[in-house]
file query13.json (JSON, C-alpha atoms)
[["chain", "number", "residue", "atom", "x", "y", "z"],
["A", 263, "MET", "CA", 131.48, 95.36, 107.66],
["A", 264, "GLU", "CA", 130.20, 96.42, 104.23],
["A", 265, "LEU", "CA", 131.98, 93.43, 102.65],
["A", 266, "LEU", "CA", 130.32, 91.06, 105.14],
["A", 267, "LYS", "CA", 126.94, 92.58, 104.30],
["A", 268, "HIS", "CA", 127.46, 91.92, 100.57],
["A", 269, "ILE", "CA", 128.57, 88.34, 101.26],
["A", 270, "VAL", "CA", 125.45, 87.68, 103.37],
["A", 271, "LEU", "CA", 123.20, 89.22, 100.70],
["A", 272, "LEU", "CA", 124.88, 87.03, 98.08],
["A", 273, "PHE", "CA", 124.26, 83.80, 99.94],
["A", 274, "ILE", "CA", 120.74, 84.39, 101.19],
["A", 275, "SER", "CA", 119.82, 83.55, 97.60],
["A", 276, "PRO", "CA", 118.88, 79.84, 97.52],
["A", 277, "LEU", "CA", 119.97, 79.61, 93.89],
["A", 278, "ASN", "CA", 123.41, 81.01, 94.74],
["A", 279, "LEU", "CA", 123.73, 78.45, 97.54],
["A", 280, "VAL", "CA", 122.87, 75.62, 95.14],
["A", 281, "ILE", "CA", 125.44, 76.87, 92.61],
["A", 282, "LEU", "CA", 128.08, 77.18, 95.35],
["A", 283, "LEU", "CA", 127.50, 73.60, 96.55],
["A", 284, "PHE", "CA", 127.65, 72.28, 93.00],
["A", 285, "ALA", "CA", 130.83, 74.27, 92.23],
["A", 286, "ILE", "CA", 132.52, 72.88, 95.35],
["A", 287, "GLY", "CA", 131.44, 69.41, 94.28],
["A", 288, "MET", "CA", 132.94, 69.87, 90.81],
["A", 289, "ILE", "CA", 136.22, 71.12, 92.24],
["A", 290, "LEU", "CA", 136.48, 68.21, 94.70],
["A", 291, "SER", "CA", 135.52, 65.72, 91.96],
["A", 292, "LYS", "CA", 138.36, 67.03, 89.84],
["A", 293, "TYR", "CA", 140.71, 65.74, 92.51],
["A", 294, "LYS", "CA", 138.71, 62.47, 92.63],
["A", 295, "LEU", "CA", 137.56, 63.04, 96.19],
["A", 296, "PHE", "CA", 134.42, 61.25, 97.41],
["A", 297, "ALA", "CA", 133.25, 64.50, 98.99],
["A", 298, "GLY", "CA", 132.76, 65.83, 95.46],
["A", 299, "LYS", "CA", 129.84, 63.43, 94.89],
["A", 300, "VAL", "CA", 128.43, 64.37, 98.29],
["A", 301, "PHE", "CA", 128.43, 68.10, 97.49],
["A", 302, "LYS", "CA", 126.88, 67.56, 94.05],
["A", 303, "LEU", "CA", 124.12, 65.40, 95.51],
["A", 304, "LEU", "CA", 123.65, 67.98, 98.26],
["A", 305, "SER", "CA", 123.26, 70.72, 95.63],
["A", 306, "LEU", "CA", 120.57, 68.70, 93.83],
["A", 307, "PHE", "CA", 118.75, 67.94, 97.06],
["A", 308, "SER", "CA", 118.96, 71.63, 98.10],
["A", 309, "PHE", "CA", 117.53, 72.71, 94.73],
["A", 310, "PHE", "CA", 114.61, 70.31, 95.14],
["A", 311, "LEU", "CA", 114.02, 71.47, 98.73],
["A", 312, "PHE", "CA", 114.24, 75.21, 97.99],
["A", 313, "THR", "CA", 111.80, 74.91, 95.07],
["A", 314, "GLN", "CA", 109.15, 73.12, 97.16],
["A", 315, "PRO", "CA", 106.29, 75.49, 98.15],
["A", 316, "TYR", "CA", 105.74, 73.55, 101.37],
["A", 317, "PHE", "CA", 109.36, 74.16, 102.46],
["A", 318, "SER", "CA", 109.06, 77.90, 101.85],
["A", 319, "ASP", "CA", 105.71, 77.89, 103.67],
["A", 320, "LEU", "CA", 107.37, 76.26, 106.69],
["A", 321, "LEU", "CA", 110.10, 78.90, 106.73],
["A", 322, "LEU", "CA", 107.66, 81.80, 106.46],
["A", 323, "TYR", "CA", 105.02, 80.47, 108.84],
["A", 324, "PRO", "CA", 106.68, 81.65, 112.10],
["A", 325, "LEU", "CA", 107.28, 85.07, 110.56],
["A", 326, "GLU", "CA", 103.85, 85.64, 109.05],
["A", 327, "HIS", "CA", 101.39, 83.84, 111.32],
["A", 328, "LYS", "CA", 102.74, 84.31, 114.82],
["A", 329, "HIS", "CA", 101.31, 87.84, 114.83],
["A", 330, "LYS", "CA", 97.58, 87.89, 114.12],
["A", 331, "TYR", "CA", 95.67, 90.71, 112.45],
["A", 332, "PRO", "CA", 94.08, 92.69, 115.32],
["A", 333, "ARG", "CA", 90.36, 93.20, 115.71],
["A", 334, "ILE", "CA", 89.21, 96.79, 115.95],
["A", 335, "GLN", "CA", 86.71, 96.72, 118.80],
["A", 336, "SER", "CA", 85.42, 100.31, 118.97],
["A", 337, "GLN", "CA", 86.23, 103.92, 118.19],
["A", 338, "ASN", "CA", 87.59, 104.26, 121.73],
["A", 339, "ASN", "CA", 90.63, 102.33, 120.52],
["A", 340, "ASN", "CA", 91.38, 104.71, 117.65],
["A", 341, "PRO", "CA", 95.06, 105.66, 117.34],
["A", 342, "ASP", "CA", 96.78, 109.03, 117.38],
["A", 343, "TYR", "CA", 98.61, 108.11, 114.17],
["A", 344, "ILE", "CA", 98.77, 105.44, 111.48],
["A", 345, "LEU", "CA", 102.35, 104.60, 110.49],
["A", 346, "VAL", "CA", 102.86, 102.98, 107.08],
["A", 347, "LEU", "CA", 106.35, 101.67, 106.35],
["A", 348, "ALA", "CA", 107.99, 102.08, 102.94],
["A", 349, "CYS", "CA", 108.51, 99.28, 100.44],
["A", 350, "TYR", "CA", 109.35, 100.25, 96.84],
["A", 351, "TYR", "CA", 108.38, 102.50, 93.93],
["A", 352, "SER", "CA", 110.01, 101.98, 90.53],
["A", 353, "THR", "CA", 111.37, 105.02, 88.70],
["A", 354, "LEU", "CA", 112.32, 103.02, 85.58],
["A", 355, "GLY", "CA", 110.53, 102.89, 82.25],
["A", 356, "ASP", "CA", 107.45, 104.54, 80.77],
["A", 357, "VAL", "CA", 104.57, 102.98, 82.71],
["A", 358, "PRO", "CA", 101.56, 104.33, 84.66],
["A", 359, "ALA", "CA", 102.06, 105.29, 88.29],
["A", 360, "THR", "CA", 100.06, 102.30, 89.52],
["A", 361, "SER", "CA", 102.44, 99.93, 87.74],
["A", 362, "ARG", "CA", 105.40, 101.57, 89.47],
["A", 363, "TRP", "CA", 104.28, 100.52, 92.94],
["A", 364, "SER", "CA", 105.51, 97.15, 94.21],
["A", 365, "GLU", "CA", 102.93, 94.69, 95.52],
["A", 366, "CYS", "CA", 104.03, 95.24, 99.11],
["A", 367, "SER", "CA", 103.68, 99.02, 98.77],
["A", 368, "LEU", "CA", 100.20, 98.72, 97.26],
["A", 369, "GLN", "CA", 99.05, 96.43, 100.07],
["A", 370, "ARG", "CA", 100.59, 98.57, 102.83],
["A", 371, "ASN", "CA", 99.20, 101.82, 101.42],
["A", 372, "THR", "CA", 95.76, 100.32, 100.80],
["A", 373, "GLU", "CA", 95.63, 99.01, 104.37],
["A", 374, "ALA", "CA", 96.72, 102.38, 105.76],
["A", 375, "PHE", "CA", 93.99, 104.08, 103.70],
["A", 376, "LYS", "CA", 91.40, 101.63, 105.04],
["A", 377, "LEU", "CA", 92.50, 102.22, 108.64],
["A", 378, "HIS", "CA", 92.45, 105.98, 108.07],
["A", 379, "THR", "CA", 88.89, 105.72, 106.73],
["A", 380, "ILE", "CA", 87.88, 103.82, 109.87],
["A", 381, "SER", "CA", 89.66, 105.99, 112.43],
["A", 382, "GLY", "CA", 90.28, 109.38, 110.80],
["A", 383, "ALA", "CA", 93.81, 109.32, 112.25],
["A", 384, "PRO", "CA", 96.65, 111.06, 110.38],
["A", 385, "ILE", "CA", 98.90, 108.83, 108.25],
["A", 386, "VAL", "CA", 102.65, 109.04, 108.88],
["A", 387, "ILE", "CA", 104.63, 108.06, 105.78],
["A", 388, "THR", "CA", 108.33, 107.14, 105.98],
["A", 389, "GLY", "CA", 111.00, 106.44, 103.36],
["A", 390, "GLY", "CA", 113.80, 108.50, 101.86],
["A", 391, "ASN", "CA", 115.73, 108.70, 98.59],
["A", 392, "PHE", "CA", 116.54, 104.99, 98.23],
["A", 393, "LEU", "CA", 114.93, 104.47, 94.81],
["A", 394, "HIS", "CA", 116.74, 103.84, 91.51],
["A", 395, "ASP", "CA", 116.47, 107.57, 90.77],
["A", 396, "PRO", "CA", 118.08, 109.21, 93.83],
["A", 397, "ASN", "CA", 116.22, 112.44, 93.12],
["A", 398, "VAL", "CA", 112.83, 110.82, 93.73],
["A", 399, "ASN", "CA", 111.71, 110.64, 97.36],
["A", 400, "TYR", "CA", 109.58, 107.67, 98.38],
["A", 401, "SER", "CA", 107.57, 109.58, 101.00],
["A", 402, "GLU", "CA", 106.58, 112.24, 98.49],
["A", 403, "LYS", "CA", 105.38, 109.63, 95.99],
["A", 404, "ALA", "CA", 103.40, 107.86, 98.71],
["A", 405, "ARG", "CA", 101.79, 111.16, 99.71],
["A", 406, "GLU", "CA", 100.68, 111.64, 96.07],
["A", 407, "PHE", "CA", 99.18, 108.12, 96.22],
["A", 408, "PHE", "CA", 97.04, 108.98, 99.25],
["A", 409, "LEU", "CA", 96.03, 112.38, 97.88],
["A", 410, "GLN", "CA", 94.74, 110.71, 94.73],
["A", 411, "LEU", "CA", 92.66, 108.40, 96.92],
["A", 412, "GLY", "CA", 91.03, 111.46, 98.47],
["A", 413, "VAL", "CA", 92.87, 111.73, 101.80],
["A", 414, "ASN", "CA", 92.97, 115.32, 103.09],
["A", 415, "GLU", "CA", 96.48, 116.76, 102.80],
["A", 416, "GLU", "CA", 96.30, 117.88, 106.43],
["A", 417, "LYS", "CA", 96.00, 114.22, 107.41],
["A", 418, "LEU", "CA", 99.26, 113.25, 105.71],
["A", 419, "ILE", "CA", 102.65, 113.54, 107.41],
["A", 420, "ILE", "CA", 105.84, 112.62, 105.55],
["A", 421, "THR", "CA", 109.29, 112.21, 107.09],
["A", 422, "LYS", "CA", 111.16, 112.09, 103.74],
["A", 423, "SER", "CA", 113.81, 109.86, 105.31],
["A", 424, "GLY", "CA", 114.66, 106.27, 106.14],
["A", 425, "PHE", "CA", 116.67, 103.69, 104.20],
["A", 426, "ASN", "CA", 115.79, 100.72, 106.40],
["A", 427, "THR", "CA", 113.24, 99.77, 109.06],
["A", 428, "ARG", "CA", 115.16, 101.24, 112.00],
["A", 429, "GLU", "CA", 115.86, 104.52, 110.21],
["A", 430, "GLU", "CA", 112.21, 104.82, 109.24],
["A", 431, "ILE", "CA", 111.12, 104.36, 112.86],
["A", 432, "ASN", "CA", 113.69, 106.92, 113.98],
["A", 433, "SER", "CA", 112.43, 109.42, 111.40],
["A", 434, "ALA", "CA", 108.89, 109.04, 112.80],
["A", 435, "THR", "CA", 109.97, 109.33, 116.45],
["A", 436, "PRO", "CA", 108.36, 112.76, 117.06],
["A", 437, "TYR", "CA", 104.96, 111.22, 116.26],
["A", 438, "LEU", "CA", 105.49, 107.84, 117.93],
["A", 439, "MET", "CA", 106.62, 109.12, 121.31],
["A", 440, "HIS", "CA", 103.82, 109.22, 123.90],
["A", 441, "SER", "CA", 101.31, 108.22, 121.20],
["A", 442, "LYS", "CA", 99.20, 105.22, 120.32],
["A", 443, "THR", "CA", 100.03, 104.13, 116.78],
["A", 444, "TRP", "CA", 98.60, 101.66, 114.32],
["A", 445, "VAL", "CA", 101.52, 100.25, 112.34],
["A", 446, "VAL", "CA", 101.16, 98.82, 108.84],
["A", 447, "SER", "CA", 103.82, 96.67, 107.21],
["A", 448, "SER", "CA", 104.40, 93.30, 105.57],
["A", 449, "ALA", "CA", 103.71, 90.26, 107.73],
["A", 450, "THR", "CA", 107.35, 89.16, 107.60],
["A", 451, "HIS", "CA", 108.47, 92.48, 109.19],
["A", 452, "ILE", "CA", 106.17, 92.45, 112.22],
["A", 453, "TYR", "CA", 108.55, 90.48, 114.46],
["A", 454, "ARG", "CA", 111.34, 93.04, 113.99],
["A", 455, "LEU", "CA", 108.97, 95.97, 114.27],
["A", 456, "LYS", "CA", 107.59, 94.76, 117.58],
["A", 457, "ARG", "CA", 111.12, 94.40, 118.96],
["A", 458, "ILE", "CA", 111.99, 97.96, 117.90],
["A", 459, "PHE", "CA", 108.81, 99.40, 119.42],
["A", 460, "SER", "CA", 109.39, 97.44, 122.61],
["A", 461, "SER", "CA", 112.99, 98.65, 122.94],
["A", 462, "LEU", "CA", 111.84, 102.26, 122.54],
["A", 463, "ASN", "CA", 108.74, 101.89, 124.75],
["A", 464, "TYR", "CA", 106.42, 102.96, 121.94],
["A", 465, "ALA", "CA", 102.78, 101.88, 121.98],
["A", 466, "GLY", "CA", 101.86, 100.17, 118.72],
["A", 467, "VAL", "CA", 99.15, 97.92, 117.32],
["A", 468, "PHE", "CA", 100.44, 96.03, 114.28],
["A", 469, "PHE", "CA", 98.50, 95.31, 111.09],
["A", 470, "PRO", "CA", 100.28, 92.72, 108.93],
["A", 471, "VAL", "CA", 99.63, 92.59, 105.17],
["A", 472, "ASP", "CA", 101.41, 91.21, 102.10],
["A", 473, "HIS", "CA", 101.27, 87.59, 103.28],
["A", 474, "HIS", "CA", 103.12, 85.06, 101.12],
["A", 475, "THR", "CA", 101.61, 81.99, 102.83],
["A", 476, "LYS", "CA", 98.10, 80.99, 103.89],
["A", 477, "GLY", "CA", 99.14, 79.54, 107.23],
["A", 478, "LEU", "CA", 98.36, 75.95, 106.23],
["A", 479, "LEU", "CA", 100.84, 73.33, 107.44],
["A", 480, "MET", "CA", 99.51, 70.11, 105.87],
["A", 481, "PRO", "CA", 102.60, 68.46, 104.28],
["A", 482, "TYR", "CA", 102.66, 68.00, 100.51],
["A", 483, "ILE", "CA", 105.10, 67.57, 97.62],
["A", 484, "SER", "CA", 104.66, 69.36, 94.32],
["A", 485, "MET", "CA", 106.56, 70.12, 91.14],
["A", 486, "PRO", "CA", 109.49, 72.52, 91.63],
["A", 487, "SER", "CA", 108.30, 76.13, 91.69],
["A", 488, "ALA", "CA", 110.20, 79.30, 90.83],
["A", 489, "TYR", "CA", 107.89, 81.21, 93.18],
["A", 490, "ALA", "CA", 108.93, 78.88, 96.02],
["A", 491, "LEU", "CA", 112.53, 79.94, 95.37],
["A", 492, "VAL", "CA", 111.48, 83.58, 95.71],
["A", 493, "LYS", "CA", 109.64, 82.88, 98.97],
["A", 494, "THR", "CA", 112.58, 80.89, 100.35],
["A", 495, "GLU", "CA", 114.91, 83.81, 99.60],
["A", 496, "LEU", "CA", 112.48, 86.17, 101.32],
["A", 497, "ALA", "CA", 112.52, 83.96, 104.41],
["A", 498, "PHE", "CA", 116.33, 83.71, 104.41],
["A", 499, "TYR", "CA", 116.57, 87.51, 104.12],
["A", 500, "GLU", "CA", 114.21, 88.11, 107.02],
["A", 501, "TYR", "CA", 115.93, 85.59, 109.30],
["A", 502, "ALA", "CA", 119.28, 87.21, 108.48],
["A", 503, "ALA", "CA", 117.78, 90.63, 109.36],
["A", 504, "ILE", "CA", 116.50, 89.24, 112.68],
["A", 505, "VAL", "CA", 119.96, 87.86, 113.51],
["A", 506, "LYS", "CA", 121.51, 91.23, 112.65],
["A", 507, "GLN", "CA", 118.96, 93.01, 114.86],
["A", 508, "LYS", "CA", 119.64, 90.71, 117.80],
["A", 509, "MET", "CA", 123.41, 91.09, 117.41],
["A", 510, "ALA", "CA", 123.10, 94.86, 117.32],
["A", 511, "TYR", "CA", 120.93, 94.79, 120.44],
["A", 512, "ALA", "CA", 123.40, 92.53, 122.25],
["A", 513, "LEU", "CA", 126.31, 94.84, 121.42],
["A", 514, "THR", "CA", 124.51, 97.93, 122.74],
["A", 515, "HIS", "CA", 123.12, 96.41, 125.97]]

call {"tool": "encode", "arguments": {"input": "query13.json", "output": "structure tokens"}}
result
Amino acid sequence: MELLKHIVLLFISPLNLVILLFAIGMILSKYKLFAGKVFKLLSLFSFFLFTQPYFSDLLLYPLEHKHKYPRIQSQNNNPDYILVLACYYSTLGDVPATSRWSECSLQRNTEAFKLHTISGAPIVITGGNFLHDPNVNYSEKAREFFLQLGVNEEKLIITKSGFNTREEINSATPYLMHSKTWVVSSATHIYRLKRIFSSLNYAGVFFPVDHHTKGLLMPYISMPSAYALVKTELAFYEYAAIVKQKMAYALTH
């Protein structure tokens, strides 16, 4: 199972897929097979497609824009808790703390802080020892982040555990059960999060951040973009995670 996971992670990279197609083409061409030309042309076409921003936008659109940012109507809708999912904090190098936070972490934490300011609800922080330095706990670093923003320590709850989305939700179960929760995560994760909450009968309102697309679908062609490759890989990863989630659900029900 672990080997399969590594194989999937290897080939969700668009660049790796292009290289694989080209390598197959070279091997087949060595034996003077027509299919060799087909695979080499397919690799070039794939490279052009994967580096087009519009293609990556199309892939990400159903993930990021199916779930709209909710409107907060009144204080009567305030939650019992605000759950902010982990992203990443770098433990490498000699840089300021702000530079150590990934973009997705900064956006998630900033949104959670904003929602806390509006509602006054406690912030539940998840995430374990999954960083480059295994002795550094993500939840503890995130708590420091909120304390420096002025959040009262009594309003911060850390689980200190969780290596993936499901584990993070499980670590926060004592606070999510029989509670109304505002959930903050990246827009691409909301689909999976809603499925998890639904399967556990948890009440959640979801606040997507860290969008990689603007939700515009007007077709266009542009020069190849390295950032489009990154966004395409992000989409491939999330679709693979959704397939894994559905398979796991099917096997347990």

call {"tool": "residues_around", "arguments": {"input": "query13.json", "residues": "Ala502 (chain A)", "least_positions_apart": "6", "cutoff": "9 Å", "atoms": "all atoms listed in the file", "output": "PyMOL selection string"}}
result
chain A and resi 270-271+274

call {"tool": "closest_residue", "arguments": {"input": "query13.json", "among": "A:Tyr400, A:Phe375, A:Tyr293, A:Phe498", "to": "Arg362 (chain A)", "atoms": "all atoms listed in the file"}}
result
A:Tyr400

call {"tool": "closest_atom_pairs", "arguments": {"input": "query13.json", "of": "region 291-315 of chain A", "to": "region 465-483 of chain A", "cutoff": "12 Å", "atoms": "only C-alpha atoms", "output": "CSV"}}
result
residue,atom,partner,partner_atom,distance
A:Phe310,CA,A:Ile483,CA,10.2
A:Leu311,CA,A:Ile483,CA,9.8
A:Phe312,CA,A:Ile483,CA,11.9
A:Thr313,CA,A:Ile483,CA,10.3
A:Gln314,CA,A:Ile483,CA,6.9
A:Pro315,CA,A:Ile483,CA,8.0

call {"tool": "residues_around", "arguments": {"input": "query13.json", "residues": "Arg457 (chain A)", "least_positions_apart": "5", "cutoff": "10 Å", "atoms": "only C-alpha atoms", "output": "list in words"}}
result
Ile452, Leu462, Asn463, Ile504, Gln507, Lys508 and Tyr511 of chain A

call {"tool": "closest_atom_pairs", "arguments": {"input": "query13.json", "of": "region 306-345 of chain A", "to": "region 409-424 of chain A", "cutoff": "12 Å", "atoms": "only C-alpha atoms", "output": "tab-separated table"}}
result
residue	atom	partner	partner_atom	distance
A:Asp342	CA	A:Lys417	CA	11.3
A:Tyr343	CA	A:Lys417	CA	9.5
A:Ile344	CA	A:Leu418	CA	9.7
A:Leu345	CA	A:Ile419	CA	9.5

call {"tool": "atom_distance", "arguments": {"input": "query13.json", "atom1": "CA of Lys403 (chain A)", "atom2": "CA of Leu438 (chain A)"}}
result
22.0 Å

call {"tool": "closest_residue", "arguments": {"input": "query13.json", "among": "A:Ser275, A:Asn340, A:Thr427, A:Ser305", "to": "Met288 (chain A)", "atoms": "only C-alpha atoms"}}
result
A:Ser305

call {"tool": "closest_residue", "arguments": {"input": "query13.json", "among": "A:Asn397, A:Ser367, A:Thr388, A:Ser291", "to": "Ser448 (chain A)", "atoms": "all atoms listed in the file"}}
result
A:Ser367

call {"tool": "closest_residue", "arguments": {"input": "query13.json", "among": "A:Ala490, A:Ile385, A:Leu393, A:Leu325", "to": "Arg454 (chain A)", "atoms": "all atoms listed in the file"}}
result
A:Leu325

call {"tool": "atom_distance", "arguments": {"input": "query13.json", "atom1": "CA of Tyr499 (chain A)", "atom2": "CA of Glu429 (chain A)"}}
result
18.1 Å

call {"tool": "atom_distance", "arguments": {"input": "query13.json", "atom1": "CA of Ser318 (chain A)", "atom2": "CA of Thr494 (chain A)"}}
result
4.9 Å

call {"tool": "closest_residue", "arguments": {"input": "query13.json", "among": "A:Ser381, A:Thr514, A:Asn426, A:Ser308", "to": "Thr443 (chain A)", "atoms": "all atoms listed in the file"}}
result
A:Ser381

call {"tool": "axis_aligned_box", "arguments": {"input": "query13.json", "around": "region 284-290 of chain A", "padding_each_side": "3 Å", "output": "lines of an AutoDock Vina configuration file"}}
result
center_x = 132.1
center_y = 71.2
center_z = 93.1
size_x = 14.8
size_y = 12.1
size_z = 10.5

call {"tool": "closest_residue", "arguments": {"input": "query13.json", "among": "A:Leu303, A:Leu321, A:Ile269, A:Leu283", "to": "Leu491 (chain A)", "atoms": "all atoms listed in the file"}}
result
A:Leu321

call {"tool": "decode", "arguments": {"input": "query13.json", "residues": "region 330-410 of chain A", "atoms": "C-alpha atoms", "output": "mmCIF file, in the first residue's frame"}}
result
data_model
loop_
_atom_site.group_PDB
_atom_site.id
_atom_site.type_symbol
_atom_site.label_atom_id
_atom_site.label_comp_id
_atom_site.auth_asym_id
_atom_site.auth_seq_id
_atom_site.Cartn_x
_atom_site.Cartn_y
_atom_site.Cartn_z
ATOM 1 C CA LYS A 330 -19.086 29.648 -1.795
ATOM 2 C CA TYR A 331 -17.791 31.767 1.063
ATOM 3 C CA PRO A 332 -20.694 31.993 3.557
ATOM 4 C CA ARG A 333 -22.294 35.240 4.629
ATOM 5 C CA ILE A 334 -22.367 35.880 8.356
ATOM 6 C CA GLN A 335 -25.894 37.148 8.953
ATOM 7 C CA SER A 336 -25.958 37.939 12.680
ATOM 8 C CA GLN A 337 -24.401 37.141 16.038
ATOM 9 C CA ASN A 338 -27.138 34.543 16.565
ATOM 10 C CA ASN A 339 -25.235 32.360 14.095
ATOM 11 C CA ASN A 340 -21.962 32.500 16.019
ATOM 12 C CA PRO A 341 -20.225 29.128 16.397
ATOM 13 C CA ASP A 342 -19.137 27.213 19.464
ATOM 14 C CA TYR A 343 -15.670 26.793 17.952
ATOM 15 C CA ILE A 344 -13.544 27.883 15.007
ATOM 16 C CA LEU A 345 -11.490 25.021 13.568
ATOM 17 C CA VAL A 346 -8.418 25.962 11.525
ATOM 18 C CA LEU A 347 -6.711 23.122 9.661
ATOM 19 C CA ALA A 348 -2.919 22.834 9.453
ATOM 20 C CA CYS A 349 -0.858 23.538 6.359
ATOM 21 C CA TYR A 350 2.915 24.004 6.802
ATOM 22 C CA TYR A 351 5.600 25.765 8.835
ATOM 23 C CA SER A 352 9.235 25.556 7.726
ATOM 24 C CA THR A 353 11.868 24.697 10.318
ATOM 25 C CA LEU A 354 14.774 25.156 7.883
ATOM 26 C CA GLY A 355 17.193 28.056 7.646
ATOM 27 C CA ASP A 356 17.725 31.292 9.543
ATOM 28 C CA VAL A 357 14.682 33.385 8.635
ATOM 29 C CA PRO A 358 12.025 35.327 10.607
ATOM 30 C CA ALA A 359 8.998 33.424 11.876
ATOM 31 C CA THR A 360 6.693 35.100 9.353
ATOM 32 C CA SER A 361 8.814 33.778 6.482
ATOM 33 C CA ARG A 362 8.517 30.254 7.866
ATOM 34 C CA TRP A 363 4.764 30.105 7.363
ATOM 35 C CA SER A 364 3.510 28.817 4.018
ATOM 36 C CA GLU A 365 1.010 30.949 2.103
ATOM 37 C CA CYS A 366 -1.834 28.542 2.875
ATOM 38 C CA SER A 367 -1.063 28.642 6.609
ATOM 39 C CA LEU A 368 -0.948 32.441 6.647
ATOM 40 C CA GLN A 369 -4.298 32.682 4.870
ATOM 41 C CA ARG A 370 -5.967 30.040 7.052
ATOM 42 C CA ASN A 371 -4.663 31.538 10.298
ATOM 43 C CA THR A 372 -5.533 35.094 9.245
ATOM 44 C CA GLU A 373 -9.076 34.015 8.355
ATOM 45 C CA ALA A 374 -9.454 32.180 11.673
ATOM 46 C CA PHE A 375 -8.263 35.303 13.507
ATOM 47 C CA LYS A 376 -10.788 37.438 11.619
ATOM 48 C CA LEU A 377 -13.632 35.034 12.429
ATOM 49 C CA HIS A 378 -12.543 34.935 16.075
ATOM 50 C CA THR A 379 -12.609 38.744 16.186
ATOM 51 C CA ILE A 380 -16.160 38.701 14.797
ATOM 52 C CA SER A 381 -17.551 35.903 16.951
ATOM 53 C CA GLY A 382 -15.314 35.612 20.021
ATOM 54 C CA ALA A 383 -15.415 31.820 19.616
ATOM 55 C CA PRO A 384 -12.413 29.721 20.718
ATOM 56 C CA ILE A 385 -9.994 28.643 17.975
ATOM 57 C CA VAL A 386 -9.218 24.923 17.718
ATOM 58 C CA ILE A 387 -5.811 24.323 16.129
ATOM 59 C CA THR A 388 -4.830 20.922 14.722
ATOM 60 C CA GLY A 389 -1.578 19.489 13.365
ATOM 61 C CA GLY A 390 1.119 17.261 14.821
ATOM 62 C CA ASN A 391 4.843 16.666 14.387
ATOM 63 C CA PHE A 392 4.900 16.396 10.589
ATOM 64 C CA LEU A 393 7.405 19.196 9.931
ATOM 65 C CA HIS A 394 10.996 18.799 8.700
ATOM 66 C CA ASP A 395 12.152 18.973 12.324
ATOM 67 C CA PRO A 396 10.147 16.209 14.040
ATOM 68 C CA ASN A 397 10.637 17.882 17.409
ATOM 69 C CA VAL A 398 8.636 20.941 16.364
ATOM 70 C CA ASN A 399 4.863 20.653 16.743
ATOM 71 C CA TYR A 400 2.713 22.525 14.229
ATOM 72 C CA SER A 401 -0.129 23.229 16.683
ATOM 73 C CA GLU A 402 2.248 24.826 19.166
ATOM 74 C CA LYS A 403 3.729 27.103 16.500
ATOM 75 C CA ALA A 404 0.246 28.102 15.339
ATOM 76 C CA ARG A 405 -0.738 28.904 18.929
ATOM 77 C CA GLU A 406 2.303 31.234 19.157
ATOM 78 C CA PHE A 407 1.096 32.898 15.934
ATOM 79 C CA PHE A 408 -2.325 33.674 17.415
ATOM 80 C CA LEU A 409 -0.896 34.791 20.755
ATOM 81 C CA GLN A 410 1.294 37.308 18.949
#
